[in-house]
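Content type TSV, N, CA and C atoms, from the file entry.tsv:
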chain	number	residue	atom	x	y	z
G	66	MET	N	89.03	44.88	10.04
G	66	MET	CA	87.78	45.50	10.30
G	66	MET	C	86.98	44.62	11.27
G	67	LYS	N	86.42	45.23	12.23
G	67	LYS	CA	85.69	44.51	13.27
G	67	LYS	C	84.22	44.92	13.20
G	68	ILE	N	83.35	43.90	13.12
G	68	ILE	CA	81.92	44.17	13.04
G	68	ILE	C	81.36	44.07	14.45
G	69	LYS	N	80.61	45.08	14.82
G	69	LYS	CA	80.03	45.10	16.16
G	69	LYS	C	78.55	44.70	16.07
G	70	PHE	N	78.26	43.56	16.65
G	70	PHE	CA	76.88	43.11	16.74
G	70	PHE	C	76.29	43.57	18.07
G	71	PRO	N	75.03	43.95	18.04
G	71	PRO	CA	74.44	44.36	19.33
G	71	PRO	C	74.28	43.14	20.23
G	72	LYS	N	74.66	43.34	21.44
G	72	LYS	CA	74.58	42.24	22.39
G	72	LYS	C	73.17	42.16	22.97
G	73	ILE	N	72.67	40.94	23.02
G	73	ILE	CA	71.35	40.71	23.59
G	73	ILE	C	71.55	40.32	25.05
G	74	LYS	N	70.92	41.12	25.88
G	74	LYS	CA	71.06	40.84	27.31
G	74	LYS	C	69.95	39.88	27.75
G	75	LYS	N	70.34	38.90	28.45
G	75	LYS	CA	69.37	37.95	28.98
G	75	LYS	C	68.97	38.42	30.38
G	76	VAL	N	67.72	38.79	30.46
G	76	VAL	CA	67.22	39.31	31.73
G	76	VAL	C	66.21	38.30	32.28
G	77	PHE	N	66.55	37.75	33.40
G	77	PHE	CA	65.65	36.79	34.06
G	77	PHE	C	65.10	37.43	35.32
G	78	LYS	N	64.19	38.36	35.10
G	78	LYS	CA	63.57	39.02	36.24
G	78	LYS	C	62.22	38.37	36.53
G	79	LYS	N	61.85	38.45	37.77
G	79	LYS	CA	60.53	37.95	38.13
G	79	LYS	C	59.50	38.98	37.67
G	80	GLN	N	58.50	38.48	36.98
G	80	GLN	CA	57.49	39.40	36.46
G	80	GLN	C	56.57	39.84	37.59
G	81	ASP	N	55.88	40.95	37.38
G	81	ASP	CA	55.01	41.51	38.40
G	81	ASP	C	53.67	40.78	38.49
G	82	PHE	N	53.31	40.02	37.48
G	82	PHE	CA	52.03	39.32	37.48
G	82	PHE	C	52.12	38.08	38.36
G	83	THR	N	51.49	38.15	39.50
G	83	THR	CA	51.46	37.00	40.41
G	83	THR	C	50.03	36.79	40.88
G	84	VAL	N	49.74	35.57	41.24
G	84	VAL	CA	48.41	35.21	41.72
G	84	VAL	C	48.47	35.14	43.24
G	85	TYR	N	47.50	35.78	43.86
G	85	TYR	CA	47.41	35.77	45.31
G	85	TYR	C	46.24	34.87	45.71
G	86	PRO	N	46.52	33.65	46.16
G	86	PRO	CA	45.42	32.73	46.49
G	86	PRO	C	44.58	33.23	47.66
G	87	GLY	N	45.15	34.02	48.52
G	87	GLY	CA	44.38	34.55	49.64
G	87	GLY	C	43.21	35.40	49.19
G	88	PHE	N	43.40	36.15	48.13
G	88	PHE	CA	42.35	37.00	47.58
G	88	PHE	C	41.19	36.15	47.08
G	89	TYR	N	41.48	35.08	46.37
G	89	TYR	CA	40.42	34.21	45.84
G	89	TYR	C	39.71	33.45	46.95
G	90	TRP	N	40.44	33.08	47.99
G	90	TRP	CA	39.80	32.42	49.12
G	90	TRP	C	38.84	33.37	49.82
G	91	LYS	N	39.22	34.65	49.90
G	91	LYS	CA	38.32	35.63	50.52
G	91	LYS	C	37.05	35.81	49.70
G	92	ILE	N	37.18	35.81	48.37
G	92	ILE	CA	36.01	35.92	47.50
G	92	ILE	C	35.12	34.69	47.68
G	93	LEU	N	35.72	33.52	47.70
G	93	LEU	CA	34.96	32.28	47.87
G	93	LEU	C	34.25	32.25	49.22
G	94	LEU	N	34.92	32.69	50.25
G	94	LEU	CA	34.33	32.74	51.58
G	94	LEU	C	33.16	33.72	51.62
G	95	ALA	N	33.32	34.89	51.00
G	95	ALA	CA	32.25	35.88	50.99
G	95	ALA	C	31.03	35.38	50.22
G	96	VAL	N	31.24	34.75	49.07
G	96	VAL	CA	30.13	34.23	48.26
G	96	VAL	C	29.40	33.13	49.03
G	97	SER	N	30.14	32.23	49.66
G	97	SER	CA	29.49	31.15	50.41
G	97	SER	C	28.71	31.71	51.60
G	98	PHE	N	29.24	32.72	52.26
G	98	PHE	CA	28.52	33.34	53.38
G	98	PHE	C	27.24	34.00	52.90
G	99	ILE	N	27.29	34.69	51.77
G	99	ILE	CA	26.11	35.34	51.21
G	99	ILE	C	25.06	34.29	50.83
G	100	LEU	N	25.49	33.16	50.23
G	100	LEU	CA	24.55	32.10	49.87
G	100	LEU	C	23.89	31.48	51.10
G	101	MET	N	24.68	31.27	52.15
G	101	MET	CA	24.11	30.71	53.38
G	101	MET	C	23.12	31.68	54.01
G	102	LEU	N	23.44	32.95	54.02
G	102	LEU	CA	22.54	33.94	54.59
G	102	LEU	C	21.24	34.02	53.78
G	103	ALA	N	21.35	33.99	52.45
G	103	ALA	CA	20.17	34.04	51.60
G	103	ALA	C	19.30	32.80	51.80
G	104	SER	N	19.90	31.62	51.90
G	104	SER	CA	19.11	30.40	52.10
G	104	SER	C	18.44	30.41	53.47
G	105	PHE	N	19.11	30.93	54.49
G	105	PHE	CA	18.50	31.04	55.81
G	105	PHE	C	17.30	31.97	55.78
G	106	LEU	N	17.44	33.13	55.14
G	106	LEU	CA	16.34	34.08	55.07
G	106	LEU	C	15.16	33.50	54.29
G	107	LEU	N	15.44	32.85	53.18
G	107	LEU	CA	14.37	32.25	52.38
G	107	LEU	C	13.63	31.17	53.16
G	108	SER	N	14.37	30.31	53.84
G	108	SER	CA	13.72	29.25	54.62
G	108	SER	C	12.91	29.84	55.77
G	109	PHE	N	13.40	30.91	56.38
G	109	PHE	CA	12.66	31.55	57.47
G	109	PHE	C	11.37	32.17	56.96
G	110	LEU	N	11.42	32.80	55.80
G	110	LEU	CA	10.20	33.39	55.22
G	110	LEU	C	9.18	32.31	54.85
G	111	VAL	N	9.66	31.19	54.31
G	111	VAL	CA	8.75	30.08	53.98
G	111	VAL	C	8.14	29.52	55.26
G	112	PHE	N	8.94	29.41	56.31
G	112	PHE	CA	8.43	28.94	57.59
G	112	PHE	C	7.32	29.86	58.12
G	113	LEU	N	7.54	31.17	58.06
G	113	LEU	CA	6.53	32.11	58.52
G	113	LEU	C	5.25	32.01	57.70
G	114	LYS	N	5.40	31.83	56.38
G	114	LYS	CA	4.23	31.72	55.52
G	114	LYS	C	3.43	30.46	55.85
G	115	ILE	N	4.11	29.35	56.06
G	115	ILE	CA	3.45	28.08	56.38
G	115	ILE	C	2.83	28.15	57.78
G	116	ASN	N	3.49	28.81	58.68
G	116	ASN	CA	3.01	28.88	60.06
G	116	ASN	C	1.72	29.68	60.16
G	117	LYS	N	1.47	30.63	59.25
G	117	LYS	CA	0.27	31.45	59.29
G	117	LYS	C	-0.95	30.74	58.73
G	118	GLU	N	-0.77	29.67	57.95
G	118	GLU	CA	-1.89	28.96	57.36
G	118	GLU	C	-2.73	28.29	58.44
G	119	THR	N	-4.04	28.19	58.17
G	119	THR	CA	-4.94	27.59	59.14
G	119	THR	C	-4.81	26.07	59.11
G	120	ILE	N	-5.09	25.48	60.24
G	120	ILE	CA	-5.04	24.03	60.36
G	120	ILE	C	-6.44	23.50	60.08
G	121	VAL	N	-6.55	22.48	59.27
G	121	VAL	CA	-7.84	21.93	58.90
G	121	VAL	C	-8.37	21.08	60.05
G	122	SER	N	-9.62	21.33	60.43
G	122	SER	CA	-10.24	20.56	61.51
G	122	SER	C	-10.65	19.18	60.99
G	123	PRO	N	-10.82	18.22	61.87
G	123	PRO	CA	-11.20	16.87	61.43
G	123	PRO	C	-12.54	16.82	60.70
G	124	GLU	N	-13.48	17.71	61.07
G	124	GLU	CA	-14.77	17.73	60.39
G	124	GLU	C	-14.61	18.14	58.93
G	125	GLU	N	-13.79	19.18	58.71
G	125	GLU	CA	-13.55	19.64	57.34
G	125	GLU	C	-12.77	18.59	56.55
G	126	LEU	N	-11.90	17.88	57.24
G	126	LEU	CA	-11.09	16.86	56.59
G	126	LEU	C	-11.97	15.72	56.11
G	127	ASP	N	-12.96	15.34	56.91
G	127	ASP	CA	-13.89	14.28	56.50
G	127	ASP	C	-14.68	14.68	55.27
G	128	LEU	N	-15.00	15.94	55.15
G	128	LEU	CA	-15.73	16.40	53.98
G	128	LEU	C	-14.86	16.37	52.73
G	129	GLN	N	-13.56	16.62	52.91
G	129	GLN	CA	-12.66	16.67	51.77
G	129	GLN	C	-12.30	15.30	51.24
G	130	ILE	N	-12.23	14.31	52.11
G	130	ILE	CA	-11.83	12.96	51.70
G	130	ILE	C	-13.04	12.26	51.08
G	131	GLN	N	-12.86	11.76	49.88
G	131	GLN	CA	-13.92	11.00	49.24
G	131	GLN	C	-13.70	9.53	49.53
G	132	THR	N	-14.73	8.89	49.98
G	132	THR	CA	-14.60	7.47	50.30
G	132	THR	C	-14.61	6.65	49.02
G	133	VAL	N	-13.87	5.57	49.04
G	133	VAL	CA	-13.80	4.67	47.90
G	133	VAL	C	-14.92	3.66	48.02
G	134	LYS	N	-15.64	3.48	46.96
G	134	LYS	CA	-16.76	2.54	46.98
G	134	LYS	C	-16.24	1.11	46.93
G	135	HIS	N	-16.93	0.23	47.66
G	135	HIS	CA	-16.51	-1.17	47.72
G	135	HIS	C	-16.68	-1.86	46.37
G	136	GLU	N	-17.60	-1.38	45.57
G	136	GLU	CA	-17.80	-1.98	44.24
G	136	GLU	C	-16.57	-1.80	43.36
G	137	ARG	N	-15.96	-0.63	43.44
G	137	ARG	CA	-14.76	-0.38	42.64
G	137	ARG	C	-13.61	-1.26	43.08
G	138	ILE	N	-13.49	-1.45	44.39
G	138	ILE	CA	-12.43	-2.32	44.91
G	138	ILE	C	-12.67	-3.75	44.46
G	139	ASP	N	-13.92	-4.21	44.55
G	139	ASP	CA	-14.24	-5.58	44.12
G	139	ASP	C	-13.98	-5.77	42.63
G	140	ASN	N	-14.31	-4.75	41.81
G	140	ASN	CA	-14.04	-4.84	40.37
G	140	ASN	C	-12.54	-4.93	40.09
G	141	ALA	N	-11.73	-4.16	40.83
G	141	ALA	CA	-10.29	-4.19	40.63
G	141	ALA	C	-9.73	-5.56	41.03
G	142	LEU	N	-10.20	-6.10	42.15
G	142	LEU	CA	-9.74	-7.43	42.59
G	142	LEU	C	-10.14	-8.50	41.59
G	143	LYS	N	-11.35	-8.40	41.04
G	143	LYS	CA	-11.81	-9.37	40.04
G	143	LYS	C	-10.95	-9.30	38.79
G	144	TYR	N	-10.60	-8.07	38.35
G	144	TYR	CA	-9.76	-7.89	37.16
G	144	TYR	C	-8.40	-8.55	37.35
G	145	PHE	N	-7.77	-8.31	38.51
G	145	PHE	CA	-6.45	-8.89	38.75
G	145	PHE	C	-6.52	-10.41	38.93
G	146	LYS	N	-7.61	-10.91	39.46
G	146	LYS	CA	-7.77	-12.36	39.59
G	146	LYS	C	-7.87	-13.00	38.21
G	147	GLU	N	-8.62	-12.35	37.28
G	147	GLU	CA	-8.70	-12.86	35.91
G	147	GLU	C	-7.34	-12.83	35.22
G	148	ARG	N	-6.60	-11.79	35.44
G	148	ARG	CA	-5.25	-11.71	34.83
G	148	ARG	C	-4.34	-12.80	35.38
G	149	GLU	N	-4.44	-13.09	36.67
G	149	GLU	CA	-3.63	-14.14	37.27
G	149	GLU	C	-3.99	-15.50	36.66
G	150	GLU	N	-5.28	-15.74	36.46
G	150	GLU	CA	-5.70	-17.00	35.86
G	150	GLU	C	-5.20	-17.13	34.42
G	151	LYS	N	-5.26	-16.04	33.64
G	151	LYS	CA	-4.76	-16.07	32.26
G	151	LYS	C	-3.26	-16.32	32.24
G	152	THR	N	-2.53	-15.70	33.16
G	152	THR	CA	-1.09	-15.89	33.22
G	152	THR	C	-0.75	-17.33	33.53
G	153	ASN	N	-1.43	-17.91	34.50
G	153	ASN	CA	-1.18	-19.31	34.84
G	153	ASN	C	-1.53	-20.23	33.67
G	154	GLU	N	-2.60	-19.93	32.97
G	154	GLU	CA	-3.00	-20.73	31.81
G	154	GLU	C	-1.92	-20.68	30.72
G	155	ILE	N	-1.39	-19.49	30.46
G	155	ILE	CA	-0.35	-19.35	29.43
G	155	ILE	C	0.92	-20.06	29.84
G	156	LEU	N	1.30	-19.94	31.10
G	156	LEU	CA	2.54	-20.58	31.56
G	156	LEU	C	2.44	-22.10	31.57
G	157	ASN	N	1.28	-22.63	31.84
G	157	ASN	CA	1.11	-24.08	31.94
G	157	ASN	C	0.78	-24.75	30.61
G	158	SER	N	0.45	-23.97	29.60
G	158	SER	CA	0.12	-24.58	28.30
G	158	SER	C	1.40	-24.94	27.55
G	159	PRO	N	1.35	-26.00	26.72
G	159	PRO	CA	2.55	-26.37	25.96
G	159	PRO	C	2.80	-25.37	24.83
G	160	ALA	N	4.04	-25.35	24.34
G	160	ALA	CA	4.40	-24.43	23.26
G	160	ALA	C	3.73	-24.84	21.97
G	161	ILE	N	3.19	-23.86	21.25
G	161	ILE	CA	2.50	-24.14	19.99
G	161	ILE	C	3.49	-24.41	18.88
G	162	VAL	N	4.60	-23.70	18.86
G	162	VAL	CA	5.61	-23.83	17.81
G	162	VAL	C	6.55	-24.97	18.17
G	163	ILE	N	6.76	-25.87	17.24
G	163	ILE	CA	7.67	-26.99	17.45
G	163	ILE	C	9.03	-26.59	16.89
G	164	ASP	N	10.06	-26.89	17.65
G	164	ASP	CA	11.41	-26.53	17.23
G	164	ASP	C	11.84	-27.40	16.04
G	165	PRO	N	12.14	-26.81	14.87
G	165	PRO	CA	12.48	-27.61	13.70
G	165	PRO	C	13.88	-28.24	13.78
G	166	SER	N	14.72	-27.81	14.67
G	166	SER	CA	16.07	-28.36	14.76
G	166	SER	C	16.08	-29.73	15.43
G	167	LEU	N	14.99	-30.11	16.07
G	167	LEU	CA	14.98	-31.40	16.77
G	167	LEU	C	14.63	-32.52	15.86
Can the structure in the file be given as structure tokens, please?
Amino acid sequence: MKIKFPKIKKVFKKQDFTVYPGFYWKILLAVSFILMLASFLLSFLVFLKINKETIVSPEELDLQIQTVKHERIDNALKYFKEREEKTNEILNSPAIVIDPSL
């Protein structure tokens, strides 16, 4: 008696699923072109908006700038001079804590 087993055929066919890199490069190129076009248009619109603004005359500019009082500058210089003197005093003074290991 002969037993017939079904034969398994080994089929090594190339599958239909393939990647086409040219297609992805075209998508990448189109997206980059769209981004460049959008950035150009946005920068051009900002340029037009800035170009329409009025230029401030020197007389108006003088009114807008507040002058710094000399008293405030002198007070700031005095403060930093006092800090410098305190720093020098601290650096030149001997250490208060004596090292017990000596």
Report task. Would you work out the distance separating atom CA of G:Ala103 from atom CA of G:Ile120, expressed in Å to one decimal? Result ->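 Result for atom CA of G:Ala103 versus atom CA of G:Ile120: 28.5 Å, one decimal.
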Query raised in the report: atom C of G:Ile92 to atom N of G:Ser104: how many Å, to one decimal?
Result: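 Spanning atom C of G:Ile92 to atom N of G:Ser104 is a straight-line distance of 16.1 Å.
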**Report entry** Separation of atom N of G:Pro159 from atom N of G:Tyr144 in Å
**Finding:** 24.5 Å
